[in-house]
Amino acid sequence: MISLYSIKPKFQQLLKPVLVFLYKKRVTANMITWCAIILSAGTGTLMWVHPYGKMLLLLPLSLLLRMALNALDGMMARTYDMQSKKGEILNELGDVVSDFLMFFPLFKLFSLRIEILIAFLFMSLVNEYAGILGKAIVGIRQYDGPMGKSDRAFVIGFLSLVLYFTTKITSYMDSIFIVITILLVLSTYFRIKKTLNHK
């Protein structure tokens with residue numbers, strides 16, 4: 001199923017100079033993962049305290065930086081032999097925690113109904129868990145879309161930018177997130193199906 005995850009190799013290629021620079025500065029993969037978590041916590045806190053104006057620009061920038069950090073920690077671990085069980089646990093838990101920290105404040109920033117936001121957050125968690133189950137059962141982490149981690153970041157960042165320039169979509173936000181949640185259900189189904197069909 002189509003997903004932004006398919007362009008990850010090209011994105012990683014762009015980040016290679018940054019990877020080499022960080023390695024020379026003795027930055028580890030786990031340090032990068034922690035930076036992503038701290039970035040998410042800081043962005044989420046600012047959004048909760050100040051849920052309007054320039055926060056609508058900060059969110060897309062933070063999501064893009066977090067995507068870069070998420071790519072870099074994996075690249076650092078694989079390229080420079082830093083892979084570890086601790087790192088894998090930190091990476092998976094960090095993604096889930098970061099999602100919650102960044103997206104729960106959308107309740108204020110996007111004026112979402114709380115039940116719709118909770119459904120979105122719940123399915124985001126289930127979707128990631130379905131991907132991890134693939135690794136546990138057949139040894140392959142599943143990233144299929146149509147609403148994987150990168151897709152969610154792109155869509156929410158885009159909506160934030162649109163909302164910064166016009167408030168006309170505010171009344172449609174609940175409906176948009178219902179569609180996103182349905183796509184998360186589909187994404188979860190595809191991940192489970194791919195794991196079950198693995199030979």
# chains A, B, ... in the order shown; residues from 1 in each chain; ligands from 1
call {"tool": "residues_around", "arguments": {"residues": "stretch 122-132 of chain A", "least_positions_apart": "3", "cutoff": "7 Å", "atoms": "only C-alpha atoms", "output": "PyMOL selection string"}}
result
chain A and resi 96+118-119+135-136+141-143+181+184-185+187-188+191-192
call {"tool": "select_by_dssp", "arguments": {"residues": "stretch 3-194 of chain A", "states": "helix (DSSP H, G or I)", "output": "ChimeraX atom specification"}}
result
/A:4-24,29-49,55-79,85-103,106-109,114-138,149-165,170-194
call {"tool": "residues_around", "arguments": {"residues": "A:Lys8", "least_positions_apart": "2", "cutoff": "12 Å", "atoms": "only C-alpha atoms", "output": "mmCIF file with N, CA and C atoms, in the first residue's frame"}}
result
data_model
loop_
_atom_site.group_PDB
_atom_site.id
_atom_site.type_symbol
_atom_site.label_atom_id
_atom_site.label_comp_id
_atom_site.auth_asym_id
_atom_site.auth_seq_id
_atom_site.Cartn_x
_atom_site.Cartn_y
_atom_site.Cartn_z
ATOM 1 N N SER A 3 2.753 4.630 0.701
ATOM 2 C CA SER A 3 3.112 5.285 1.952
ATOM 3 C C SER A 3 4.365 6.113 1.723
ATOM 4 N N LEU A 4 4.513 7.179 2.512
ATOM 5 C CA LEU A 4 5.720 7.999 2.428
ATOM 6 C C LEU A 4 6.960 7.202 2.814
ATOM 7 N N TYR A 5 6.751 6.069 3.496
ATOM 8 C CA TYR A 5 7.891 5.239 3.893
ATOM 9 C C TYR A 5 8.691 4.787 2.674
ATOM 10 N N SER A 6 8.047 4.734 1.510
ATOM 11 C CA SER A 6 8.712 4.268 0.294
ATOM 12 C C SER A 6 9.802 5.237 -0.176
ATOM 13 N N LYS A 10 15.655 7.803 -0.169
ATOM 14 C CA LYS A 10 16.088 9.083 -0.728
ATOM 15 C C LYS A 10 16.277 10.120 0.385
ATOM 16 N N PHE A 11 15.384 10.082 1.369
ATOM 17 C CA PHE A 11 15.481 10.988 2.511
ATOM 18 C C PHE A 11 16.767 10.707 3.285
ATOM 19 N N GLN A 12 17.083 9.427 3.473
ATOM 20 C CA GLN A 12 18.301 9.047 4.173
ATOM 21 C C GLN A 12 19.544 9.499 3.417
ATOM 22 N N GLN A 13 19.478 9.434 2.094
ATOM 23 C CA GLN A 13 20.607 9.859 1.268
ATOM 24 C C GLN A 13 20.924 11.335 1.516
ATOM 25 N N LEU A 14 19.883 12.143 1.649
ATOM 26 C CA LEU A 14 20.067 13.565 1.910
ATOM 27 C C LEU A 14 20.690 13.819 3.284
ATOM 28 N N LEU A 15 20.444 12.890 4.216
ATOM 29 C CA LEU A 15 20.911 13.068 5.588
ATOM 30 C C LEU A 15 22.317 12.529 5.833
ATOM 31 N N MET A 67 11.239 13.567 12.047
ATOM 32 C CA MET A 67 11.402 12.561 11.003
ATOM 33 C C MET A 67 12.876 12.377 10.656
ATOM 34 N N ALA A 68 13.605 13.493 10.603
ATOM 35 C CA ALA A 68 15.037 13.425 10.313
ATOM 36 C C ALA A 68 15.783 12.691 11.433
ATOM 37 N N ASN A 70 14.521 10.515 13.514
ATOM 38 C CA ASN A 70 14.124 9.099 13.477
ATOM 39 C C ASN A 70 14.886 8.335 12.407
ATOM 40 N N ALA A 71 15.144 8.996 11.283
ATOM 41 C CA ALA A 71 15.927 8.357 10.227
ATOM 42 C C ALA A 71 17.390 8.241 10.639
ATOM 43 N N LEU A 72 17.914 9.293 11.254
ATOM 44 C CA LEU A 72 19.326 9.329 11.625
ATOM 45 C C LEU A 72 19.697 8.311 12.692
ATOM 46 N N GLY A 74 18.452 5.336 13.232
ATOM 47 C CA GLY A 74 18.570 4.026 12.596
ATOM 48 C C GLY A 74 19.797 3.930 11.707
ATOM 49 N N MET A 75 20.056 4.999 10.948
ATOM 50 C CA MET A 75 21.240 5.034 10.083
ATOM 51 C C MET A 75 22.520 4.948 10.900
ATOM 52 N N TYR A 143 5.880 -1.714 8.002
ATOM 53 C CA TYR A 143 5.713 -0.264 7.919
ATOM 54 C C TYR A 143 4.632 0.146 6.920
ATOM 55 N N LYS A 149 3.660 6.090 10.313
ATOM 56 C CA LYS A 149 4.192 7.188 11.116
ATOM 57 C C LYS A 149 4.542 8.412 10.269
ATOM 58 N N SER A 150 5.238 8.199 9.161
ATOM 59 C CA SER A 150 5.631 9.311 8.296
ATOM 60 C C SER A 150 4.421 9.972 7.643
ATOM 61 N N ASP A 151 3.436 9.143 7.272
ATOM 62 C CA ASP A 151 2.210 9.681 6.656
ATOM 63 C C ASP A 151 1.445 10.567 7.637
#
call {"tool": "atom_distance", "arguments": {"atom1": "atom CA of A:Ile32", "atom2": "atom CA of A:Leu19"}}
result
10.5 Å
call {"tool": "residues_around", "arguments": {"residues": "A:Ser62", "least_positions_apart": "5", "cutoff": "9 Å", "atoms": "only C-alpha atoms", "output": "PyMOL selection string"}}
result
chain A and resi 39-40+43+57+67+157
call {"tool": "closest_residue", "arguments": {"among": "A:Leu101, A:Leu56, A:Leu63, A:Val18", "to": "A:Thr166", "atoms": "only C-alpha atoms"}}
result
A:Leu56
call {"tool": "residues_around", "arguments": {"residues": "A:Phe165", "least_positions_apart": "5", "cutoff": "12 Å", "atoms": "only C-alpha atoms", "output": "list in words"}}
result
Tyr52, Gly53, Lys54, Leu56, Leu57, Phe158, Leu159, Ser160 and Thr170 of chain A
call {"tool": "residues_around", "arguments": {"residues": "A:Leu112", "least_positions_apart": "5", "cutoff": "8 Å", "atoms": "only C-alpha atoms", "output": "list in words"}}
result
Leu106, Phe107, Leu117, Met173 and Asp174 of chain A
call {"tool": "atom_distance", "arguments": {"atom1": "atom CA of A:Arg78", "atom2": "atom CA of A:Gly139"}}
result
16.7 Å
call {"tool": "closest_residue", "arguments": {"among": "A:Val97, A:Leu196, A:Phe190, A:Tyr23", "to": "A:Met76", "atoms": "only C-alpha atoms"}}
result
A:Tyr23
call {"tool": "residues_around", "arguments": {"residues": "A:Ile178", "least_positions_apart": "4", "cutoff": "8 Å", "atoms": "only C-alpha atoms", "output": "PDB file with N, CA and C atoms, in the first residue's frame"}}
result
ATOM      1  N   ILE A 116     -12.716  12.011  19.288  1.00  0.00           N
ATOM      2  CA  ILE A 116     -12.107  11.766  17.977  1.00  0.00           C
ATOM      3  C   ILE A 116     -10.590  11.720  18.107  1.00  0.00           C
ATOM      4  N   PHE A 120      -8.046   8.542  17.355  1.00  0.00           N
ATOM      5  CA  PHE A 120      -6.864   8.690  16.507  1.00  0.00           C
ATOM      6  C   PHE A 120      -5.607   8.220  17.233  1.00  0.00           C
ATOM      7  N   ASP A 174     -12.662  17.683  12.564  1.00  0.00           N
ATOM      8  CA  ASP A 174     -13.163  16.433  13.149  1.00  0.00           C
ATOM      9  C   ASP A 174     -13.376  15.382  12.057  1.00  0.00           C
ATOM     10  N   ILE A 182      -9.768   6.060  10.133  1.00  0.00           N
ATOM     11  CA  ILE A 182     -10.185   4.939   9.279  1.00  0.00           C
ATOM     12  C   ILE A 182      -8.991   4.414   8.478  1.00  0.00           C
TER      13      ILE A 182
END
